[in-house]
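Student: Got a structure for you, protein-v1.cif, holding mmCIF, C-alpha atoms.
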data_final
loop_
_atom_site.label_atom_id
_atom_site.label_comp_id
_atom_site.auth_asym_id
_atom_site.auth_seq_id
_atom_site.Cartn_x
_atom_site.Cartn_y
_atom_site.Cartn_z
CA MET A 1 109.80 74.60 83.08
CA VAL A 2 109.66 75.84 79.48
CA PRO A 3 113.18 77.36 79.43
CA LEU A 4 114.62 74.20 80.99
CA LEU A 5 112.87 71.97 78.47
CA MET A 6 114.05 74.14 75.56
CA LEU A 7 117.62 73.88 76.83
CA LEU A 8 117.16 70.12 77.20
CA LEU A 9 116.02 69.97 73.58
CA VAL A 10 119.18 71.75 72.39
CA LEU A 11 121.45 69.51 74.41
CA GLU A 12 119.65 66.31 73.34
CA ILE A 13 120.34 67.28 69.74
CA GLY A 14 124.00 67.73 70.62
CA ILE A 15 124.35 64.32 72.27
CA SER A 16 122.19 62.16 69.97
CA PHE A 17 123.51 63.04 66.51
CA PHE A 18 126.42 60.58 66.40
CA SER A 19 124.85 57.25 65.41
CA PRO A 20 124.56 57.91 61.63
CA LEU A 21 128.23 58.95 61.65
CA LEU A 22 129.53 55.55 62.80
CA PRO A 23 130.02 54.09 59.27
CA GLN A 24 132.07 57.15 58.18
CA VAL A 25 134.22 57.01 61.32
CA GLN A 26 134.78 53.28 60.78
CA GLU A 27 135.78 53.86 57.16
CA GLU A 28 138.14 56.78 57.84
CA PHE A 29 140.09 55.06 60.61
CA ARG A 30 139.74 51.54 59.12
CA VAL A 31 138.61 49.85 62.32
CA SER A 32 136.30 46.89 62.92
CA ALA A 33 132.73 47.11 64.17
CA GLY A 34 133.95 46.09 67.60
CA LYS A 35 136.48 48.93 67.72
CA VAL A 36 134.24 51.64 66.31
CA ALA A 37 131.68 50.66 68.96
CA LEU A 38 134.20 51.93 71.52
CA VAL A 39 133.20 55.44 70.42
CA LEU A 40 129.78 54.82 71.98
CA ALA A 41 130.98 52.64 74.84
CA ILE A 42 133.50 55.11 76.23
CA TYR A 43 130.85 57.85 76.25
CA ASN A 44 128.68 55.74 78.56
CA GLY A 45 131.65 54.35 80.44
CA ILE A 46 132.80 57.76 81.62
CA ARG A 47 129.25 58.54 82.73
CA LEU A 48 129.20 55.30 84.67
CA LEU A 49 132.46 56.23 86.39
CA PHE A 50 131.32 59.72 87.44
CA ASN A 51 127.58 59.30 88.10
CA MET A 52 127.83 58.70 91.85
CA PRO A 53 130.23 61.54 92.72
CA LEU A 54 128.38 63.85 90.34
CA SER A 55 124.99 63.01 91.82
CA ARG A 56 126.19 63.92 95.30
CA TYR A 57 127.67 67.16 93.99
CA VAL A 58 124.51 68.03 92.05
CA ALA A 59 122.35 67.38 95.13
CA ARG A 60 124.13 70.25 96.94
CA ALA A 61 124.98 72.60 94.06
CA ALA A 62 123.02 75.38 92.35
CA LEU A 63 121.37 73.59 89.46
CA PRO A 64 121.66 76.43 86.88
CA SER A 65 125.43 76.46 87.38
CA VAL A 66 125.56 72.67 86.97
CA LEU A 67 123.66 72.92 83.68
CA ALA A 68 126.15 75.50 82.40
CA ILE A 69 129.16 73.43 83.48
CA GLY A 70 127.76 70.34 81.78
CA GLY A 71 127.21 72.24 78.53
CA GLY A 72 130.72 73.68 78.58
CA ILE A 73 132.30 70.26 79.05
CA LEU A 74 130.16 68.80 76.27
CA GLY A 75 131.20 71.55 73.83
CA LEU A 76 134.88 71.02 74.66
CA GLY A 77 134.57 67.30 73.97
CA GLY A 78 132.86 68.02 70.66
CA LEU A 79 135.81 70.16 69.57
CA VAL A 80 138.31 67.42 70.46
CA VAL A 81 136.38 64.87 68.36
CA ALA A 82 136.00 67.26 65.41
CA PHE A 83 139.76 67.82 65.12
CA ALA A 84 140.89 64.34 66.19
CA PRO A 85 143.97 63.28 64.16
CA THR A 86 143.69 59.64 65.28
CA PHE A 87 141.02 57.27 66.53
CA ALA A 88 142.44 57.56 70.05
CA PHE A 89 141.63 61.28 70.09
CA VAL A 90 138.07 60.49 69.03
CA LEU A 91 137.76 58.28 72.10
CA VAL A 92 139.18 61.00 74.37
CA GLY A 93 136.74 63.58 72.99
CA ARG A 94 133.80 61.24 73.39
CA ALA A 95 134.81 60.59 77.00
CA ILE A 96 134.77 64.34 77.67
CA MET A 97 131.35 64.59 76.03
CA GLY A 98 130.11 61.78 78.27
CA LEU A 99 131.19 63.69 81.36
CA GLY A 100 129.39 66.82 80.16
CA SER A 101 126.15 65.03 79.32
CA ALA A 102 126.15 63.17 82.66
CA THR A 103 126.49 66.46 84.53
CA PHE A 104 123.65 68.07 82.59
CA ILE A 105 121.22 65.13 82.66
CA LEU A 106 121.60 64.57 86.41
CA ALA A 107 120.84 68.26 87.00
CA VAL A 108 117.68 67.97 84.89
CA HIS A 109 116.50 64.92 86.85
CA PHE A 110 117.02 66.72 90.17
CA TRP A 111 115.27 69.81 88.78
CA LEU A 112 112.19 67.89 87.69
CA ALA A 113 111.99 65.85 90.88
CA ARG A 114 112.21 68.99 93.04
CA VAL A 115 109.48 70.97 91.32
CA ALA A 116 107.07 68.06 90.79
CA THR A 117 104.22 67.26 93.13
CA PRO A 118 102.60 63.81 93.30
CA GLU A 119 99.81 65.21 91.08
CA THR A 120 102.13 66.71 88.43
CA LYS A 121 104.98 64.20 88.38
CA VAL A 122 103.66 62.03 85.56
CA ARG A 123 102.86 65.09 83.44
CA LEU A 124 106.28 66.67 83.98
CA PHE A 125 108.14 63.50 83.14
CA SER A 126 105.93 63.07 80.08
CA TYR A 127 107.07 66.52 78.95
CA HIS A 128 110.65 65.45 79.68
CA GLN A 129 110.20 62.36 77.53
CA ILE A 130 108.62 64.29 74.67
CA VAL A 131 111.40 66.89 74.62
CA GLY A 132 114.02 64.15 74.80
CA ILE A 133 112.33 62.39 71.90
CA ALA A 134 112.33 65.60 69.87
CA GLY A 135 116.06 66.06 70.43
CA SER A 136 116.73 62.40 69.71
CA ALA A 137 114.77 62.75 66.46
CA LEU A 138 116.41 65.94 65.26
CA GLY A 139 119.95 64.96 66.31
CA PRO A 140 120.43 61.90 64.03
CA ALA A 141 118.64 63.62 61.16
CA LEU A 142 120.78 66.76 61.33
CA GLY A 143 123.94 64.78 61.97
CA GLY A 144 123.24 62.52 59.00
CA ILE A 145 122.48 65.43 56.69
CA VAL A 146 125.64 67.34 57.62
CA ALA A 147 127.76 64.20 57.36
CA GLY A 148 126.21 63.41 53.97
CA TRP A 149 126.85 66.90 52.60
CA PHE A 150 130.28 67.41 54.17
CA SER A 151 131.75 64.90 56.65
CA TRP A 152 131.27 63.47 60.12
CA ARG A 153 133.76 66.04 61.46
CA HIS A 154 131.54 68.91 60.37
CA ALA A 155 128.57 67.25 62.08
CA GLN A 156 130.45 67.63 65.39
CA ALA A 157 129.48 71.31 65.25
CA LEU A 158 126.09 70.20 66.61
CA ALA A 159 127.72 69.19 69.90
CA VAL A 160 129.77 72.38 70.08
CA ILE A 161 126.76 74.61 69.41
CA ALA A 162 124.64 72.75 71.98
CA GLY A 163 127.41 73.00 74.57
CA VAL A 164 127.95 76.73 74.06
CA ALA A 165 124.20 77.43 74.15
CA THR A 166 123.87 75.54 77.43
CA LEU A 167 126.93 77.24 78.90
CA ILE A 168 125.49 80.69 78.16
CA ALA A 169 121.82 80.07 78.95
CA GLY A 170 122.10 77.59 81.81
CA ARG A 171 123.06 80.15 84.44
CA ARG A 172 120.10 82.34 83.54
CA LEU A 173 117.42 79.80 84.35
CA PRO A 174 115.40 80.45 87.54
CA TYR A 175 116.57 78.21 90.36
CA PRO A 176 113.94 75.57 91.32
CA ALA A 177 112.42 75.92 94.76
CA ALA A 178 111.81 72.94 96.99
CA ARG A 179 108.92 70.69 96.00
CA LEU A 180 105.47 71.96 96.85
CA THR A 181 103.87 68.92 98.45
CA ASP A 182 101.02 68.28 100.82
CA PRO A 183 102.61 67.49 104.21
CA GLY A 184 99.91 64.91 104.81
CA THR A 185 100.73 62.94 101.68
CA ALA A 186 104.48 63.17 101.28
CA LEU A 187 107.58 61.92 102.95
CA PRO A 188 109.47 64.67 104.75
CA ALA A 189 112.62 65.72 102.94
CA GLY A 190 114.87 64.17 105.56
CA GLY A 191 112.66 61.24 106.56
CA GLY A 192 112.40 57.63 105.48
CA ARG A 193 115.23 55.43 104.38
CA VAL A 194 116.65 54.09 101.15
CA SER A 195 115.19 50.79 99.99
CA TYR A 196 117.95 49.33 97.86
CA ARG A 197 115.47 46.89 96.41
CA GLU A 198 113.54 49.86 95.01
CA VAL A 199 116.76 51.40 93.67
CA ALA A 200 117.84 48.10 92.10
CA SER A 201 114.42 47.57 90.49
CA ALA A 202 114.44 50.99 88.83
CA GLY A 203 118.12 50.54 87.99
CA MET A 204 117.54 47.27 86.15
CA ALA A 205 114.76 48.91 84.17
CA MET A 206 117.02 51.84 83.28
CA LEU A 207 119.79 49.40 82.32
CA GLY A 208 117.44 47.59 79.96
CA PHE A 209 116.17 50.73 78.23
CA ILE A 210 119.63 52.24 77.76
CA PHE A 211 121.12 48.89 76.70
CA PHE A 212 118.44 48.62 74.01
CA TYR A 213 119.14 52.12 72.74
CA GLY A 214 122.91 51.61 72.79
CA ALA A 215 122.75 48.23 71.08
CA VAL A 216 119.96 48.62 68.52
CA THR A 217 119.38 52.29 67.77
CA ALA A 218 122.91 53.62 68.21
CA THR A 219 125.06 50.71 67.01
CA VAL A 220 123.48 47.83 65.10
CA VAL A 221 120.92 49.73 63.02
CA PRO A 222 123.36 52.32 61.57
CA LEU A 223 125.99 49.68 60.75
CA PHE A 224 123.35 47.26 59.41
CA ALA A 225 121.81 49.97 57.21
CA ALA A 226 125.21 51.03 55.82
CA ARG A 227 126.81 47.62 55.31
CA THR A 228 123.81 45.44 54.40
CA LEU A 229 121.34 47.89 52.83
CA HIS A 230 124.02 50.28 51.47
CA MET A 231 122.39 53.41 52.86
CA GLY A 232 124.17 56.74 53.40
CA PRO A 233 124.31 58.78 56.63
CA ALA A 234 121.49 61.13 55.58
CA ALA A 235 119.12 58.22 54.90
CA ILE A 236 120.11 56.49 58.14
CA GLY A 237 119.54 59.67 60.10
CA GLY A 238 116.19 60.19 58.39
CA ILE A 239 114.96 56.72 59.32
CA LEU A 240 116.10 57.13 62.91
CA MET A 241 114.34 60.49 63.04
CA LEU A 242 111.14 58.99 61.60
CA GLY A 243 111.16 56.28 64.24
CA THR A 244 111.87 58.72 67.03
CA VAL A 245 109.06 61.04 65.94
CA GLN A 246 106.66 58.14 66.38
CA ARG A 247 107.77 57.92 69.99
CA PHE A 248 105.87 61.17 70.55
CA ALA A 249 102.63 59.26 70.23
CA ALA A 250 104.07 56.36 72.22
CA ALA A 251 104.98 58.81 75.02
CA MET A 252 101.42 60.12 75.14
CA VAL A 253 100.05 56.57 75.25
CA GLY A 254 102.58 55.69 77.96
CA GLY A 255 101.49 58.63 80.10
CA ARG A 256 97.85 57.55 79.90
CA LEU A 257 98.75 53.97 80.72
CA VAL A 258 100.73 55.12 83.76
CA THR A 259 97.70 57.03 85.03
CA ARG A 260 95.52 53.95 84.66
CA PHE A 261 97.80 51.03 85.56
CA GLY A 262 100.64 52.55 87.60
CA THR A 263 104.22 53.46 86.76
CA ARG A 264 105.74 50.09 87.57
CA ARG A 265 103.51 48.02 85.31
CA VAL A 266 104.06 50.34 82.36
CA VAL A 267 107.83 50.53 82.87
CA VAL A 268 108.41 46.78 83.30
CA GLY A 269 105.79 45.66 80.76
CA GLY A 270 106.99 48.22 78.23
CA LEU A 271 110.56 47.02 78.64
CA ALA A 272 109.56 43.43 77.89
CA ALA A 273 107.64 44.54 74.78
CA LEU A 274 110.62 46.60 73.66
CA ALA A 275 112.91 43.58 73.99
CA LEU A 276 110.70 41.41 71.79
CA SER A 277 110.35 44.16 69.17
CA ALA A 278 114.05 43.80 68.27
CA LEU A 279 113.28 40.44 66.66
CA SER A 280 111.43 42.28 63.88
CA PHE A 281 114.81 43.22 62.36
CA LEU A 282 115.43 39.56 61.51
CA ALA A 283 112.97 39.91 58.63
CA VAL A 284 114.49 43.11 57.18
CA THR A 285 115.96 42.80 53.67
CA GLU A 286 115.03 46.18 52.14
CA PRO A 287 114.98 49.81 53.35
CA ILE A 288 111.17 49.73 53.67
CA GLY A 289 111.50 46.80 56.07
CA LEU A 290 113.98 48.81 58.13
CA ILE A 291 111.48 51.65 58.36
CA VAL A 292 108.80 49.23 59.62
CA ALA A 293 111.13 47.65 62.20
CA VAL A 294 112.35 51.02 63.50
CA SER A 295 108.71 52.14 63.76
CA LEU A 296 107.83 49.03 65.74
CA ILE A 297 110.56 49.54 68.34
CA SER A 298 109.51 53.19 68.63
CA TRP A 299 105.90 52.28 69.46
CA ALA A 300 107.09 49.61 71.90
CA ASN A 301 109.06 52.18 73.93
CA LEU A 302 106.30 53.24 76.32
CA GLY A 303 107.90 53.47 79.74
CA GLY A 304 111.52 54.56 79.47
CA SER A 305 111.06 58.11 80.68
CA PHE A 306 108.98 57.10 83.71
CA VAL A 307 111.79 55.19 85.44
CA ILE A 308 112.90 58.31 87.34
CA ALA A 309 109.31 59.05 88.34
CA MET A 310 108.96 55.48 89.61
CA LEU A 311 112.13 55.83 91.64
CA THR A 312 111.49 59.24 93.21
CA ASP A 313 107.94 58.18 94.11
CA ARG A 314 109.41 55.72 96.60
CA ILE A 315 112.66 57.30 97.81
CA PRO A 316 112.79 60.25 100.25
CA GLU A 317 114.24 63.44 98.77
CA ALA A 318 117.13 63.39 101.27
CA HIS A 319 118.39 60.25 99.50
CA TRP A 320 117.84 61.28 95.89
CA GLY A 321 121.55 61.96 95.42
CA THR A 322 122.38 58.33 96.13
CA ALA A 323 119.31 56.86 94.40
CA LEU A 324 119.55 58.89 91.19
CA GLY A 325 123.29 58.39 90.98
CA MET A 326 122.92 54.62 91.33
CA ASN A 327 120.10 54.61 88.79
CA ARG A 328 122.15 56.48 86.20
CA SER A 329 125.14 54.26 86.94
CA MET A 330 123.15 51.10 86.25
CA GLY A 331 121.73 52.66 83.10
CA ASP A 332 125.15 53.71 81.85
CA ALA A 333 126.49 50.24 82.64
CA GLY A 334 123.98 49.03 80.07
CA GLY A 335 125.07 51.79 77.70
CA LEU A 336 128.71 50.80 78.15
CA VAL A 337 128.18 47.09 77.53
CA ALA A 338 125.69 47.49 74.66
CA PRO A 339 127.99 48.73 71.86
CA LEU A 340 130.91 46.56 73.00
CA LEU A 341 128.79 43.40 73.03
CA SER A 342 127.00 44.33 69.80
CA GLY A 343 130.23 45.10 67.96
CA PHE A 344 131.76 41.81 69.11
CA VAL A 345 128.70 39.80 68.07
CA ILE A 346 128.51 41.54 64.67
CA ASP A 347 132.18 40.80 63.93
CA ARG A 348 131.90 37.15 65.02
CA TYR A 349 128.33 36.08 64.19
CA GLY A 350 126.61 38.75 62.11
CA PHE A 351 123.78 41.26 62.50
CA ASP A 352 120.96 38.75 63.12
CA ALA A 353 122.78 37.37 66.13
CA ALA A 354 123.23 40.91 67.49
CA PHE A 355 119.46 41.51 67.42
CA VAL A 356 118.76 38.19 69.15
CA VAL A 357 121.36 38.87 71.86
CA THR A 358 119.82 42.30 72.47
CA THR A 359 116.40 40.74 72.95
CA GLY A 360 117.81 38.27 75.46
CA VAL A 361 119.68 40.86 77.53
CA VAL A 362 116.74 43.29 77.70
CA LEU A 363 114.28 40.51 78.59
CA ILE A 364 116.56 39.45 81.45
CA SER A 365 116.61 43.03 82.75
CA ALA A 366 112.80 43.24 82.51
CA VAL A 367 112.31 39.96 84.41
CA THR A 368 114.83 41.02 87.07
CA ALA A 369 113.12 44.40 87.49
CA ALA A 370 109.75 42.64 87.82
CA ILE A 371 111.08 40.27 90.51
CA LEU A 372 112.60 43.15 92.46
CA THR A 373 109.39 45.14 92.08
CA ALA A 374 107.44 42.42 93.91
CA ALA A 375 108.69 43.66 97.30
CA PRO A 376 107.11 42.20 100.45
CA PRO A 377 104.23 44.39 101.71
CA GLN A 378 105.95 45.24 105.01
CA LYS A 379 108.94 46.75 103.19
CA VAL A 380 106.72 48.89 101.02
CA GLU A 381 104.82 50.07 104.10
CA SER A 382 108.02 50.98 105.94
CA LEU A 383 109.06 53.18 103.07
CA ALA A 384 105.66 54.81 102.77
CA LYS A 385 105.28 55.86 106.41
CA GLY A 386 104.99 59.46 105.33
CA GLY A 387 101.80 58.59 103.50
CA VAL A 388 103.06 58.14 99.93
CA PRO A 389 100.51 55.94 98.17
CA GLY A 390 101.91 52.70 96.83
CA ASP A 391 102.14 52.31 93.08
CA SER A 392 100.59 49.04 92.06
#
Can the structure in the file be given as structure tokens, please?
Tutor:
Amino acid sequence: MVPLLMLLLVLEIGISFFSPLLPQVQEEFRVSAGKVALVLAIYNGIRLLFNMPLSRYVARAALPSVLAIGGGILGLGGLVVAFAPTFAFVLVGRAIMGLGSATFILAVHFWLARVATPETKVRLFSYHQIVGIAGSALGPALGGIVAGWFSWRHAQALAVIAGVATLIAGRRLPYPAARLTDPGTALPAGGGRVSYREVASAGMAMLGFIFFYGAVTATVVPLFAARTLHMGPAAIGGILMLGTVQRFAAAMVGGRLVTRFGTRRVVVGGLAALALSALSFLAVTEPIGLIVAVSLISWANLGGSFVIAMLTDRIPEAHWGTALGMNRSMGDAGGLVAPLLSGFVIDRYGFDAAFVVTTGVVLISAVTAAILTAAPPQKVESLAKGGVPGDS
């Protein structure tokens, strides 16, 4: 697991550095907030388009090769963005990067789900969350520093380096064996059936978490900090890094809460808390207030990384290709809509309205996930006929 998690760290840096660069991209190409948000939206849109076919391919392919392919595609997209002569080329490069990251992330999810046992699943996905947080912390900070010293084009080297490193190292990782599970307490690999209510519940949760990140962390906060608080890319990246570092502690707390209260309650309850935390930005007038608000949303993010664990707990392995693909598709639908909606609201109504709209959308996703989670007992039992214990 350690080599995989180290590679995940490198790639997370390469895919999370872009947010502090948005103001520079907007200034160079002289586009509105709504148009510059397309840079983020197309990245998630291409993932949405390819998640289902990719998930079925990944389910049958050698995972180390898939990791390498994903890294190579990501690096290629980074090069296209770095040398883009027009804004249209930036969008093309970001679309290529989205395809590469989707390929890599789906392979990681399959990898973790295959090697985890019911006893180790929460711990493994906690490690996944912590490593993802580390990459998400270092990426904006490094991207902001490089953009502040040189330009946003130079910061694209982070994506290229991450892609090349994954391309070279991915094939060398040991291939994961099938899950080691107790036959008396697990669904057989080919048994059971897909409960689309379970898939939709986890999908709505994933949509909410990724929408929040795409709207608040990746779009509204960088533009708000640059246009309203007059902060540079290095300072923006530093604040985003500070907030993300605090998610380390939140991840540890989330793991303990999952052990005590169950994955579903932590995921859905954490999503509702995250939605309400966005309202704290309404009181921000100084950089110190931005630090406090970013810290608050970081501590509120308790359950995002446990969505996949919640899903694979209830779905037989034979159907993970469909379930994980649908889950990522719903999440990336949120990631696609988030910057487009946020950019539109900022242009028409201002930053405060964008934070309020984000709260409303994420709360709706949390309520929907909670309703879908309350499945009738007989449906839960029919899924758990292999002996998987229900998650309260």
Student: Determine, counting only C-alpha atoms, which protein, DNA and RNA residues have an atom within 7 Å of an atom of region 94-103 of chain A; residues of the same chain fewer than 3 positions away are not included. Present the result as a list of chain:residue names.
Tutor: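 Once the adjacent positions are removed, what remains is A:Val39, A:Ile42, A:Tyr43, A:Asn44, A:Ile46, A:Arg47, A:Asn51, A:Leu54, A:Val66, A:Gly70, A:Gly71, A:Ile73, A:Leu74, A:Gly77, A:Gly78, A:Val81, A:Val90, A:Leu91, A:Leu106, A:Ala107.
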Student: Given the choices A:Val362, A:Ile308, A:Ala88, A:Ile15, which gets closest to His109 (chain A) if the distance is worked out from all atoms listed in the file?
Tutor: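 Answer, going by the shortest atom-to-atom distance: A:Ile308.
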Student: I'd like to know which of A:Val268, A:Met326, A:Ala338, A:Val245 is closest to Arg197 (chain A), using only C-alpha atoms.
Tutor: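 Using only C-alpha atoms, Arg197 (chain A) sits closest to A:Met326.
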Student: Calculate how many Å separate CA of Phe355 (chain A) from CA of Pro222 (chain A), rounding to one decimal.
Tutor: 12.9 Å
Student: May I have the protein, DNA and RNA residues with an atom at most 12 Å from (119.4, 39.2, 74.1), counting all atoms listed in the file in the file's coordinates, returned as a PyMOL selection string?
Tutor: chain A and resi 208+211-212+215-216+272+274-279+338+341-342+345+352-366
Student: With C-alpha atoms kept, could you save the residues just selected as a compact mmCIF listing (two decimals), keeping the file's coordinate frame?
Tutor:
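Saved result, selection.txt, follows:
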# COMPACT_ATOMS: atom_id res chain seq x y z
CA GLY A 208 117.44 47.59 79.96
CA PHE A 211 121.12 48.89 76.70
CA PHE A 212 118.44 48.62 74.01
CA ALA A 215 122.75 48.23 71.08
CA VAL A 216 119.96 48.62 68.52
CA ALA A 272 109.56 43.43 77.89
CA LEU A 274 110.62 46.60 73.66
CA ALA A 275 112.91 43.58 73.99
CA LEU A 276 110.70 41.41 71.79
CA SER A 277 110.35 44.16 69.17
CA ALA A 278 114.05 43.80 68.27
CA LEU A 279 113.28 40.44 66.66
CA ALA A 338 125.69 47.49 74.66
CA LEU A 341 128.79 43.40 73.03
CA SER A 342 127.00 44.33 69.80
CA VAL A 345 128.70 39.80 68.07
CA ASP A 352 120.96 38.75 63.12
CA ALA A 353 122.78 37.37 66.13
CA ALA A 354 123.23 40.91 67.49
CA PHE A 355 119.46 41.51 67.42
CA VAL A 356 118.76 38.19 69.15
CA VAL A 357 121.36 38.87 71.86
CA THR A 358 119.82 42.30 72.47
CA THR A 359 116.40 40.74 72.95
CA GLY A 360 117.81 38.27 75.46
CA VAL A 361 119.68 40.86 77.53
CA VAL A 362 116.74 43.29 77.70
CA LEU A 363 114.28 40.51 78.59
CA ILE A 364 116.56 39.45 81.45
CA SER A 365 116.61 43.03 82.75
CA ALA A 366 112.80 43.24 82.51
Student: Find the residues around Gly72 (chain A) up to 7 Å (only C-alpha atoms counted), leave out those fewer than 5 positions away in its own chain, and share them as a list in words.
Tutor: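 The residues satisfying every condition are Gly163, Val164 and Leu167 of chain A.
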Student: Place a sphere of radius 12 Å on (122.0, 81.9, 85.5) in the file coordinates and name every protein, DNA or RNA residue with an atom inside or on its surface, counting all atoms listed in the file; give the answer as a VMD selection string.
Tutor: chain A and resid 3 to 4 62 to 69 166 to 176
Student: Please, could you write that set of residues out with C-alpha atoms as a CSV table (one decimal), keeping the file's coordinate frame?
Tutor:
chain,number,residue,atom,x,y,z
A,3,PRO,CA,113.2,77.4,79.4
A,4,LEU,CA,114.6,74.2,81.0
A,62,ALA,CA,123.0,75.4,92.4
A,63,LEU,CA,121.4,73.6,89.5
A,64,PRO,CA,121.7,76.4,86.9
A,65,SER,CA,125.4,76.5,87.4
A,66,VAL,CA,125.6,72.7,87.0
A,67,LEU,CA,123.7,72.9,83.7
A,68,ALA,CA,126.2,75.5,82.4
A,69,ILE,CA,129.2,73.4,83.5
A,166,THR,CA,123.9,75.5,77.4
A,167,LEU,CA,126.9,77.2,78.9
A,168,ILE,CA,125.5,80.7,78.2
A,169,ALA,CA,121.8,80.1,79.0
A,170,GLY,CA,122.1,77.6,81.8
A,171,ARG,CA,123.1,80.2,84.4
A,172,ARG,CA,120.1,82.3,83.5
A,173,LEU,CA,117.4,79.8,84.4
A,174,PRO,CA,115.4,80.4,87.5
A,175,TYR,CA,116.6,78.2,90.4
A,176,PRO,CA,113.9,75.6,91.3
Student: Starting from the displayed file, determine the output of the PyMOL selection byres ((chain A and resi 18-29) around 8) and express the residue list as a CSV table (one decimal) with C-alpha atoms, in the frame of the given file.
Tutor:
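Below is the file that was written, selection35.csv:
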chain,number,residue,atom,x,y,z
A,15,ILE,CA,124.4,64.3,72.3
A,16,SER,CA,122.2,62.2,70.0
A,17,PHE,CA,123.5,63.0,66.5
A,30,ARG,CA,139.7,51.5,59.1
A,31,VAL,CA,138.6,49.8,62.3
A,32,SER,CA,136.3,46.9,62.9
A,33,ALA,CA,132.7,47.1,64.2
A,36,VAL,CA,134.2,51.6,66.3
A,86,THR,CA,143.7,59.6,65.3
A,87,PHE,CA,141.0,57.3,66.5
A,139,GLY,CA,120.0,65.0,66.3
A,140,PRO,CA,120.4,61.9,64.0
A,143,GLY,CA,123.9,64.8,62.0
A,144,GLY,CA,123.2,62.5,59.0
A,147,ALA,CA,127.8,64.2,57.4
A,151,SER,CA,131.8,64.9,56.6
A,152,TRP,CA,131.3,63.5,60.1
A,217,THR,CA,119.4,52.3,67.8
A,218,ALA,CA,122.9,53.6,68.2
A,219,THR,CA,125.1,50.7,67.0
A,222,PRO,CA,123.4,52.3,61.6
A,223,LEU,CA,126.0,49.7,60.8
A,226,ALA,CA,125.2,51.0,55.8
A,233,PRO,CA,124.3,58.8,56.6
A,234,ALA,CA,121.5,61.1,55.6
A,236,ILE,CA,120.1,56.5,58.1
A,237,GLY,CA,119.5,59.7,60.1
Student: Can you work out the spacing between CA of Arg114 (chain A) and CA of Leu76 (chain A) in Å, to one decimal?
Tutor: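 Between CA of Arg114 (chain A) and CA of Leu76 (chain A) the gap works out to 29.3 Å.
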Student: Nearest to Ala200 (chain A) among A:Ala61, A:Met310, A:Val80, A:Leu240, with distances taken over only C-alpha atoms: which residue is it?
Tutor: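 Result for the nearest residue to Ala200 (chain A): A:Met310.
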Student: Could you check the closest approach to Ser136 (chain A) for each of A:Ile13, A:Leu158, A:Ile210, A:Val199 and tell me which residue wins, using only C-alpha atoms?
Tutor: A:Ile13
Student: Taking all atoms listed in the file into account, name the residue in A:Ala283, A:Val220, A:Ala205, A:Ala293 that is nearest to Gly269 (chain A).
Tutor: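 Among the listed residues, A:Ala205 lies closest to Gly269 (chain A).
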Student: Take the PyMOL selection byres ((chain A and resi 287-292) around 10), run it mentally on this structure, and tell me the resulting residues as a ChimeraX atom specification.
Tutor: /A:221,224-225,228-231,235-236,238-240,242-243,280-286,293-298
Student: Could you rebuild region 236-246 of chain A with N, CA and C atoms and give it back as a PDB file, in the coordinates of the input?
Tutor:
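Wrote part-v5.pdb, looks like this:
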ATOM      1  N   ILE A 236     120.138  57.141  56.823  1.00  0.00           N
ATOM      2  CA  ILE A 236     120.110  56.490  58.140  1.00  0.00           C
ATOM      3  C   ILE A 236     119.553  57.449  59.175  1.00  0.00           C
ATOM      4  N   GLY A 237     120.047  58.688  59.156  1.00  0.00           N
ATOM      5  CA  GLY A 237     119.540  59.670  60.100  1.00  0.00           C
ATOM      6  C   GLY A 237     118.065  59.949  59.913  1.00  0.00           C
ATOM      7  N   GLY A 238     117.602  59.953  58.670  1.00  0.00           N
ATOM      8  CA  GLY A 238     116.190  60.190  58.390  1.00  0.00           C
ATOM      9  C   GLY A 238     115.306  59.093  58.948  1.00  0.00           C
ATOM     10  N   ILE A 239     115.741  57.838  58.791  1.00  0.00           N
ATOM     11  CA  ILE A 239     114.960  56.720  59.320  1.00  0.00           C
ATOM     12  C   ILE A 239     114.934  56.742  60.840  1.00  0.00           C
ATOM     13  N   LEU A 240     116.073  57.038  61.453  1.00  0.00           N
ATOM     14  CA  LEU A 240     116.100  57.130  62.910  1.00  0.00           C
ATOM     15  C   LEU A 240     115.209  58.266  63.399  1.00  0.00           C
ATOM     16  N   MET A 241     115.203  59.378  62.659  1.00  0.00           N
ATOM     17  CA  MET A 241     114.340  60.490  63.040  1.00  0.00           C
ATOM     18  C   MET A 241     112.871  60.091  62.911  1.00  0.00           C
ATOM     19  N   LEU A 242     112.513  59.411  61.811  1.00  0.00           N
ATOM     20  CA  LEU A 242     111.140  58.990  61.600  1.00  0.00           C
ATOM     21  C   LEU A 242     110.670  58.087  62.741  1.00  0.00           C
ATOM     22  N   GLY A 243     111.527  57.159  63.138  1.00  0.00           N
ATOM     23  CA  GLY A 243     111.160  56.280  64.240  1.00  0.00           C
ATOM     24  C   GLY A 243     111.014  57.030  65.545  1.00  0.00           C
ATOM     25  N   THR A 244     111.918  57.985  65.776  1.00  0.00           N
ATOM     26  CA  THR A 244     111.870  58.720  67.030  1.00  0.00           C
ATOM     27  C   THR A 244     110.656  59.632  67.098  1.00  0.00           C
ATOM     28  N   VAL A 245     110.267  60.205  65.966  1.00  0.00           N
ATOM     29  CA  VAL A 245     109.060  61.040  65.940  1.00  0.00           C
ATOM     30  C   VAL A 245     107.843  60.238  66.386  1.00  0.00           C
ATOM     31  N   GLN A 246     107.795  58.972  65.988  1.00  0.00           N
ATOM     32  CA  GLN A 246     106.660  58.140  66.380  1.00  0.00           C
ATOM     33  C   GLN A 246     106.616  57.883  67.881  1.00  0.00           C
TER      34      GLN A 246
END
